[in-house]
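Colleague: Just dropping this structure here.
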Amino acid sequence: MEVPGEELPPPPSYNQMFPIKVASVDSNKDSQGKDLIDMIDDEDLLEAPIEKDIDTDSKSETSKYAQDVPALPSRQSLPYNLGSVFKTSNRIIDDIKNDMFMILGDDQQGILGVNSVDYAERLSHLKHIHGEKYKLLMLNDFDKSLYRQISSDALGVITSVMAIVMEKETPASVSKISTYHVNFMVKSKRTHRPCRKHRFYKLEDWELNPEDKRDLLLDFTEQLAEGDDSSLPTLIDSATYFCPTCDRMLRVEIFPPEFDAADLVAFEKESVQERYEEYKAKNPESALVVPNQVDCLHQLYELLLQLFAFKTPQENVLLLELCLGRNILKKLNFRESSNGTLDHPLIPETETQKEFVLDAYLRKTVEVLNIGRFFSNSKPEFQVKSGLVPTALLESLDEFDTYLMSSIVADVEDKSLMSQDYITLCSQSYFKDQFIIDTFKELCFANPSSKAKYFDAFTNIAHDRSSPTLWTELATQKSLGVVGFAELRSCYDLFNIDVDNSKVFSTVDDNYLIKAYRYALAYSDGTNPSMYWDAMLKIALDRGSRYLEIFLKTEPVADVERAYSTLEITDSVEDDIVVTAYEIKKDDFPANVELFDRCFLAIAMKRRSMRLFDYVDSYMGHLNRLLPDPSQNLDAAYRFIGCPPNVDDFTFLSCFQEKWGSDLDSRMLYRCLKAIAGVRKSKLVESFSSSGIIDARYLPLANTPCGLNNIGNTCYLNSLLQYYFSVEPLRTAILKFDFSLTQEEFSADEALSQRRIGGRNVSFKETERSIQFVYQLQDLFSNLITSRKRCVTPTRELAYLAFSPSTEEVEFEEEVPEQEEIVQPYEAVVATADADAPLIDINDSDDDQEPEFQHNSPVPGELSSPMDTDDETKTTPNAPTQQVVRRETKRSAAKIDPEQLENALEMGRQQDVTECIENVLFQVESALKPLSLDEDDEQVDLIKQLFYGKTKQSLQPVDKDTKEHLPDGQVRSKIERFLSLLVNIGDHPKDIYDALDTYFTEDLMNLDDGEVKRSLTITELPKILQIQIQRVQFDRERGMPFKSIEPLPFDEKLYMDRYLETEDAEIIQKRKQVFDWKREIQSLSQKKNSLNSRNASGLTALEALEVSKAYLDSDVFQKHGILVDENTISVLDSQIKLLTEELSTIDQTLTSLREKCMTQFKDLKNVGYSIFAIFIHRGEASYGHYWIYIRDPVRDVYRKYNDEIVSEVSFNEVMNFAEGNTATPYFLVFVRDNLENYVDPLKRDLEEEEAGSV
Ligand SMILES: [Zn+2]
């Protein structure tokens, strides 16, 4: 397409005039910022400190026309604010021409003051249907009156031009002529700057300052003061524009015709004839002939000229009435008198009134001249030429392309005037590319809410013109995030916002969008969370909302999986690896740092990791810019955490940890913590806020459990001792233990000699040794409670007694009194007051009485008041005196030499932890008197009550073919006690349930009398459930044990429903299904193994077939002239295919069956346990390091007991099932739901500090 005017100097670029809109951020600072925070949280936390320096990325390119443009006044010096309606002169003139089109159409609204984008579609549509319906005319011979210039030094120049708008088609009759008036006023300052193309911004009338109002004839106060509003002009449409480049003002007014159709009917032939006959009837003598239409019109013209001069018309009123009719005369201010005749109009009294009356006369005259043109060759006065181009109007604008603009008014065909896209962009086909770009940008700046539509128009024009310049700009805009309307609509659709419903859409603000975004995320199906972010960013960019943009760029990515994959790590890596991965990514791809930041934040929030939040705080502060600063309002910060400000550091952190475990916004919580840490200046809080761990070193002794020194590779013993210490009923029993026994007493006690522990009788020697062992434990526990040190040392005797089998006899000697004082047992302190009281009376022959040491075997519910039982014993009468003696001597020291101890420790190293546990518990049991004896004489006591459960093994005969139960088969069953369940990691269980499933599996066995189905169920649940994970496997090839570090995932909760003995038919049926599936799995696995078995050449069947085929296909046979039967190859092919398919089917079936087994019982959650303790071993089978994690249910924290150091650790450290983690759990302890009070790891009651110690 040839663009006319190519030779013209290029228009100036407006790029550098575009201040990027930051108003939205600043103006939102108070309202939206605050609201956002309200949404996030506590209403008081809230002076959201939006940073002042939200950068306004200056997108201004250096314009190649820059030197053409004089320096611009700064925004502040402009007399007017720029509004949101922007137009070019071209657009305004076309609007003038088409205003009536629109007003008379459905909209009934003028378009002078409306943004082009809002009417482009409709105007273009109308033009396509009707063509250019109106034309803009000046009546040239009347130029002098229609073109006025007023100038004064003060005012500059005001040019006023009048023109008319009328339909292009010649009307059918004179009454159909409508002449609309256009008043076009340009006010130029004397000092105006050059302007190649004005940038007209619409001003509202009320915005105008008084001076401009007066100059543009918008000040009617004088008329109103004079009490005459009849002379005020009627306006159809009007608008005032202001160009910030040159300070020019343009006022456009459109007036309706002075004479409407009802008036103009007077000039129709029939009307004239009618009036003539009326006149003739009144004046029969009159010689007047019928006037013709032109004469009548001319009469009006003559009359107007006289009125214009404020002269009294010479003509007879009756004659005027004959020619013009009464309507028209009334419009000319003729007055109807009481006798029905008309009087001449009065002359206005004041100058202002005259001015408006004259304007009205002028418009009437113009109309008469225009109507005169309807009658060809009638009178010379009516032979006015109409200027198709109102040159004066265009010239008054003083733009370079005036003569090109004439296409707007002339009948020059310019399709761009009909094109919706050009109308939208206020442009014309002759505009140069750069100018279209500038206009596009200016429009986007003025009216950002329609940016998408401007962009569509721009895109269409770019394609229409095939212009590389426009295409380049298009690409640039796209890269800045500008999108078209269709795309924008689909973005809003995601948030259920209807862009076409202007009522709703106009209420959508940044706040609403943020809410909509959060809502959409919360209720999305999670398939593509980043979709919402992408869409919202497009919306933010389209709206030009920096606030929304910053919100999005400081939001964590919604999809944590994506966050991990973006940083190329997995969710099992440690926090430090997250930091490293982030730093590497940031260095390698600096352009994507915003995304990496958001990924990092998402991971920090998902993990609730303080280490990561600390990093965000230190290195990504900008992510917090929309968050309130709690350091400005510490009271609110404390309230947010739910903690009074005046508590000690530890209480504060405890409150915090509780909230940290809730679903409160972790970012805000962390910021509150940081703010408070900054004020508390406490090492404890400070170290916590960067590590998330309460560092025991900074804790008051009373708030942290005491550690145990390692007395020489005691393996898991310390873990075990801390574990037992944490079992509240057991600890209480040990602390209260007070018992001794002689051989005679032992033999005399029937219960003691009859009882069996672990299925065997216990000798006196063993019992004696066990009692000493319990005293050793008592001393240690008491120390753990009262010591003012951070850790205490177990005695070597204790270690020896724990490790060496109870059958091994130990020589004891009486303890030296001083030692007694040194290791003052905790309970003994309480008991000293009644040291001579008979605490134990084993000689009591009264068998009706419960054994005394029942007190040491608390029943749940009585646990809370151990002191009561003491009181009871104190009141026991008949205290034999010999017991006092015995009491003094009941503690003995074991005679153990170093070699013995070393041997015992070595034994410990060889033992399973269960062997040691059994040994320890056996000794505690044998030191206790039985509460009762079971059928098999097994002793029932606290240990049995706490740790033991019972299983039932059933053997049910089955049909050897169908494997179904034989109806008459004799079911044999056996009940057994268990202390722990053993699961084997060698079976590669997928999780703890998978492992337990194997333990409780139903399987088939061949017995002498036929095949039976063996099943194992739990008939009695332990209160404390212990599961041993067998990790030590035997490597047959190397002939040595090795440790498997295969992860065995488990949750904090464990449900045992599925393993219980039950009559529930549904559960039994479900178990049978699993049994059948497992059999199928077994047979399929065997089949698969046999298919995959290797022949003598080391090939599987499939490989052998493939090799054969490849060999036959090769050229070996051809070379030697051996023919290969084609059939052979195709048979091979089909066999390969069959085999491959079969293997794949087997694999699929196996996967599906395993999945079914895994999920079969997942809804059974009635019998729940919570994690209590996790024993960890790190290292190889033959060496390594041991520690234990114990959960404190009171504060819901985990502590790591690593010998002398007890520290709080994160949940992630405890539940780390990452592949390759060598710190593996080997013994798990769960506590039955509702018995969490059995777990009480933090028991401290510090002894008085010694007097004089500082
Ligand atoms: Zn200008």
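Residues are referred to by chain and number: the chain letter is A, B, ... according to the order shown in the structure tokens, the number counts from 1 in that chain, and ligands are numbered separately from 1 in the order shown.
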Neighbours of ligand 1 within 10 Å, counting only C-alpha atoms and all ligand atoms, as a list in words?

Modeller: Thr88, Ser89, Ser188, His192, Arg193, Pro194, Cys195, Arg196, Lys197, His198, Arg199, Phe200, Phe242, Cys243, Pro244, Thr245, Cys246, Asp247, Arg248, Met249, Leu250, Leu397, Asp398 and Glu399 of chain A

Colleague: I need the residue nearest Arg611 in chain A from this list: A:Ser175, A:Ser689, A:Gln1069, A:Asn633. Use only C-alpha atoms for the distance.

Modeller: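 Residue with the minimum atom-to-atom distance to Arg611 in chain A: A:Ser689.
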
Colleague: Pick out the closest residue to Leu82 in chain A from this set: A:Glu274, A:Glu442, A:Asp260, A:Glu1080. Count only C-alpha atoms.

Modeller: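 Closest residue, counting only C-alpha atoms: A:Glu442.
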
Colleague: Nearest residue to Glu1155 in chain A out of A:Ala120, A:Leu928, A:Val1074, A:Val940, using only C-alpha atoms?

Modeller: A:Val1074

Colleague: Name the residues in contact with Ile1045 in chain A at a cut-off of 7 Å, using only C-alpha atoms, excluding same-chain residues fewer than 5 positions from it; report them as JSON, numbers by chain.

Modeller: {"A": [1220, 1222, 1224]}

Colleague: Print the selection's residues with N, CA, C and O atoms to a file, as a PDB file, in the first residue's frame.

Modeller:
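result_7.pdb was written with the following content:
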```pdb
ATOM      1  N   GLY A1220      19.587 -43.461  50.048  1.00  0.00           N
ATOM      2  CA  GLY A1220      21.005 -43.186  50.310  1.00  0.00           C
ATOM      3  C   GLY A1220      21.283 -42.596  51.680  1.00  0.00           C
ATOM      4  O   GLY A1220      22.420 -42.372  52.050  1.00  0.00           O
ATOM      5  N   THR A1222      22.149 -42.808  55.189  1.00  0.00           N
ATOM      6  CA  THR A1222      22.731 -43.937  55.912  1.00  0.00           C
ATOM      7  C   THR A1222      22.306 -43.974  57.375  1.00  0.00           C
ATOM      8  O   THR A1222      22.589 -44.935  58.080  1.00  0.00           O
ATOM      9  N   THR A1224      19.736 -44.844  59.511  1.00  0.00           N
ATOM     10  CA  THR A1224      18.500 -45.598  59.297  1.00  0.00           C
ATOM     11  C   THR A1224      17.866 -46.029  60.603  1.00  0.00           C
ATOM     12  O   THR A1224      18.557 -46.465  61.524  1.00  0.00           O
TER      13      THR A1224
END
```

Colleague: Excluding range 261-267 of chain A and any residue of its chain fewer than 5 positions from it, enumerate the residues within 8 Å of it, using only C-alpha atoms, and give them as a list of chain:residue names.

Modeller: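 Selected residues are A:Val174, A:Ser175, A:Lys176, A:Ile177, A:Ser178, A:Val272, A:Gln293, A:Cys296, A:Leu297, A:Leu324, A:Gly325, A:Asn327, A:Ile328.
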
Colleague: Export, as a compact mmCIF listing (two decimals), in the first residue's frame, the selected residues with C-alpha atoms.

Modeller:
```txt
# COMPACT_ATOMS: atom_id res chain seq x y z
CA VAL A 174 -37.00 21.00 1.88
CA SER A 175 -38.41 20.04 5.29
CA LYS A 176 -36.11 17.03 5.41
CA ILE A 177 -32.99 19.20 5.45
CA SER A 178 -31.14 19.03 8.75
CA VAL A 272 -47.17 28.19 1.05
CA GLN A 293 -40.67 28.70 -2.19
CA CYS A 296 -40.29 32.75 0.90
CA LEU A 297 -36.83 31.52 1.85
CA LEU A 324 -42.74 32.21 6.63
CA GLY A 325 -45.58 31.04 8.74
CA ASN A 327 -43.74 29.06 13.72
CA ILE A 328 -40.67 30.52 12.10
```

Colleague: Pick out each residue of range 1015-1225 of chain A that DSSP on the backbone tags as alpha helix (DSSP H); I need them as a ChimeraX atom specification.

Modeller: /A:1065-1091,1101-1113,1116-1119,1126-1159,1211-1214

Colleague: Mind pulling up the distance from CA of Val508 in chain A to CA of Lys441 in chain A?

Modeller: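 CA of Val508 in chain A lies 23.7 Å from CA of Lys441 in chain A.
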
Colleague: One decimal, Å: what's the distance from CA of Phe688 in chain A over to CA of Ser1207 in chain A, could you say?

Modeller: 11.5 Å

Colleague: Find the residues near Thr341 in chain A: any atom within 9 Å, counting only C-alpha atoms, skip ones fewer than 4 places away on the same chain, and give them as a list in words.

Modeller: Val317, Leu318, Arg335, Glu336 and Ser337 of chain A

Colleague: How far is it from CA of Ile1027 in chain A to CA of Arg977 in chain A, in Å with one decimal?

Modeller: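 Value for the CA of Ile1027 in chain A-CA of Arg977 in chain A distance: 14.1 Å.
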
Colleague: With a distance cut-off of 12 Å and only C-alpha atoms, select the neighbouring residues of Leu1153 in chain A, excluding the residue or stretch itself and same-chain residues fewer than 6 positions from it, and output the selection as a ChimeraX atom specification.

Modeller: /A:1073-1082,1084-1085,1146-1147,1159-1160

Colleague: Write out, as a short mmCIF file (atom, residue, chain, number, x, y, z; two decimals), in the first residue's frame, the residues just selected, with all heavy atoms.

Modeller:
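Heads up, here's the output in out_9.cif:
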```cif
data_model
loop_
_atom_site.label_atom_id
_atom_site.label_comp_id
_atom_site.auth_asym_id
_atom_site.auth_seq_id
_atom_site.Cartn_x
_atom_site.Cartn_y
_atom_site.Cartn_z
N GLN A 1073 -8.89 -61.76 50.04
CA GLN A 1073 -8.52 -61.17 48.74
C GLN A 1073 -7.02 -60.94 48.67
O GLN A 1073 -6.37 -61.30 47.69
CB GLN A 1073 -9.24 -59.83 48.56
CG GLN A 1073 -10.60 -59.98 47.91
CD GLN A 1073 -11.27 -58.62 47.73
OE1 GLN A 1073 -11.01 -57.69 48.49
NE2 GLN A 1073 -12.11 -58.52 46.73
N VAL A 1074 -6.49 -60.33 49.71
CA VAL A 1074 -5.05 -60.06 49.71
C VAL A 1074 -4.27 -61.38 49.60
O VAL A 1074 -3.29 -61.48 48.87
CB VAL A 1074 -4.63 -59.27 50.97
CG1 VAL A 1074 -3.12 -59.16 51.06
CG2 VAL A 1074 -5.27 -57.90 50.96
N PHE A 1075 -4.75 -62.36 50.36
CA PHE A 1075 -4.11 -63.67 50.30
C PHE A 1075 -4.09 -64.20 48.87
O PHE A 1075 -3.05 -64.64 48.37
CB PHE A 1075 -4.88 -64.63 51.24
CG PHE A 1075 -4.47 -66.06 51.12
CD1 PHE A 1075 -3.23 -66.49 51.59
CD2 PHE A 1075 -5.32 -67.00 50.53
CE1 PHE A 1075 -2.86 -67.82 51.48
CE2 PHE A 1075 -4.96 -68.33 50.43
CZ PHE A 1075 -3.71 -68.74 50.91
N ASP A 1076 -5.27 -64.09 48.18
CA ASP A 1076 -5.33 -64.56 46.80
C ASP A 1076 -4.41 -63.76 45.87
O ASP A 1076 -3.72 -64.30 45.03
CB ASP A 1076 -6.78 -64.49 46.28
CG ASP A 1076 -7.66 -65.52 46.99
OD1 ASP A 1076 -7.10 -66.47 47.57
OD2 ASP A 1076 -8.90 -65.35 46.97
N TRP A 1077 -4.45 -62.42 46.08
CA TRP A 1077 -3.58 -61.58 45.23
C TRP A 1077 -2.12 -61.95 45.43
O TRP A 1077 -1.36 -62.00 44.49
CB TRP A 1077 -3.79 -60.10 45.57
CG TRP A 1077 -5.13 -59.56 45.16
CD1 TRP A 1077 -5.91 -60.03 44.16
CD2 TRP A 1077 -5.85 -58.49 45.76
NE1 TRP A 1077 -7.07 -59.30 44.08
CE2 TRP A 1077 -7.06 -58.34 45.05
CE3 TRP A 1077 -5.59 -57.61 46.82
CZ2 TRP A 1077 -8.01 -57.36 45.36
CZ3 TRP A 1077 -6.53 -56.64 47.13
CH2 TRP A 1077 -7.73 -56.52 46.41
N LYS A 1078 -1.75 -62.18 46.70
CA LYS A 1078 -0.34 -62.45 46.97
C LYS A 1078 0.07 -63.79 46.35
O LYS A 1078 1.20 -63.93 45.88
CB LYS A 1078 -0.07 -62.42 48.47
CG LYS A 1078 -0.17 -61.01 49.02
CD LYS A 1078 0.76 -60.74 50.19
CE LYS A 1078 0.88 -59.23 50.39
NZ LYS A 1078 1.51 -58.84 51.62
N ARG A 1079 -0.86 -64.73 46.37
CA ARG A 1079 -0.54 -66.00 45.70
C ARG A 1079 -0.33 -65.80 44.21
O ARG A 1079 0.58 -66.36 43.61
CB ARG A 1079 -1.66 -67.02 45.95
CG ARG A 1079 -1.47 -67.78 47.26
CD ARG A 1079 -2.53 -68.83 47.43
NE ARG A 1079 -2.54 -69.77 46.31
CZ ARG A 1079 -3.64 -70.23 45.73
NH1 ARG A 1079 -4.80 -69.84 46.14
NH2 ARG A 1079 -3.56 -71.09 44.73
N GLU A 1080 -1.21 -64.93 43.67
CA GLU A 1080 -1.08 -64.65 42.23
C GLU A 1080 0.25 -63.95 41.94
O GLU A 1080 0.94 -64.28 40.98
CB GLU A 1080 -2.26 -63.77 41.79
CG GLU A 1080 -2.58 -63.91 40.31
CD GLU A 1080 -3.75 -63.02 39.89
OE1 GLU A 1080 -4.62 -62.73 40.75
OE2 GLU A 1080 -3.78 -62.61 38.72
N ILE A 1081 0.58 -63.01 42.81
CA ILE A 1081 1.85 -62.31 42.65
C ILE A 1081 3.00 -63.32 42.67
O ILE A 1081 3.91 -63.28 41.83
CB ILE A 1081 2.05 -61.27 43.78
CG1 ILE A 1081 1.08 -60.11 43.59
CG2 ILE A 1081 3.49 -60.76 43.81
CD1 ILE A 1081 1.09 -59.11 44.73
N GLN A 1082 2.89 -64.24 43.63
CA GLN A 1082 3.97 -65.23 43.76
C GLN A 1082 4.09 -66.07 42.48
O GLN A 1082 5.19 -66.25 41.96
CB GLN A 1082 3.65 -66.13 44.95
CG GLN A 1082 4.87 -66.87 45.45
CD GLN A 1082 4.52 -67.79 46.61
OE1 GLN A 1082 3.34 -67.93 46.98
NE2 GLN A 1082 5.52 -68.41 47.19
N LEU A 1084 2.99 -65.37 39.46
CA LEU A 1084 3.44 -64.55 38.32
C LEU A 1084 4.93 -64.26 38.40
O LEU A 1084 5.63 -64.28 37.40
CB LEU A 1084 2.65 -63.24 38.26
CG LEU A 1084 1.23 -63.33 37.68
CD1 LEU A 1084 0.51 -62.00 37.83
CD2 LEU A 1084 1.28 -63.73 36.21
N SER A 1085 5.39 -63.99 39.63
CA SER A 1085 6.81 -63.70 39.79
C SER A 1085 7.65 -64.92 39.39
O SER A 1085 8.70 -64.78 38.75
CB SER A 1085 7.12 -63.33 41.24
OG SER A 1085 6.37 -62.22 41.61
N ILE A 1146 2.67 -59.47 32.27
CA ILE A 1146 2.99 -59.91 33.64
C ILE A 1146 3.37 -58.72 34.50
O ILE A 1146 2.88 -58.56 35.62
CB ILE A 1146 4.14 -60.95 33.61
CG1 ILE A 1146 3.62 -62.27 33.01
CG2 ILE A 1146 4.69 -61.19 35.01
CD1 ILE A 1146 4.69 -63.33 32.83
N ASP A 1147 4.20 -57.85 33.94
CA ASP A 1147 4.65 -56.69 34.71
C ASP A 1147 3.47 -55.80 35.10
O ASP A 1147 3.37 -55.34 36.24
CB ASP A 1147 5.68 -55.87 33.91
CG ASP A 1147 7.06 -56.49 34.03
OD1 ASP A 1147 7.27 -57.23 35.03
OD2 ASP A 1147 7.91 -56.25 33.15
N THR A 1159 -3.43 -50.76 48.96
CA THR A 1159 -4.53 -49.86 49.30
C THR A 1159 -5.73 -50.57 49.90
O THR A 1159 -6.70 -49.93 50.25
CB THR A 1159 -4.98 -49.09 48.05
OG1 THR A 1159 -5.30 -50.04 47.02
CG2 THR A 1159 -3.89 -48.17 47.54
N GLN A 1160 -5.63 -51.88 50.03
CA GLN A 1160 -6.79 -52.66 50.45
C GLN A 1160 -7.36 -52.21 51.80
O GLN A 1160 -8.55 -52.18 51.98
CB GLN A 1160 -6.39 -54.14 50.51
CG GLN A 1160 -7.47 -55.07 51.01
CD GLN A 1160 -8.49 -55.42 49.94
OE1 GLN A 1160 -8.69 -54.64 49.02
NE2 GLN A 1160 -9.09 -56.57 50.05
#
```

Colleague: I want to know what sits within 9 Å of range 1211-1215 of chain A, based on only C-alpha atoms, with residues of the same chain fewer than 5 positions away left out; could you give that as a PyMOL selection string?

Modeller: chain A and resi 572+574+607+609+1049-1052+1174+1189+1197-1198+1200
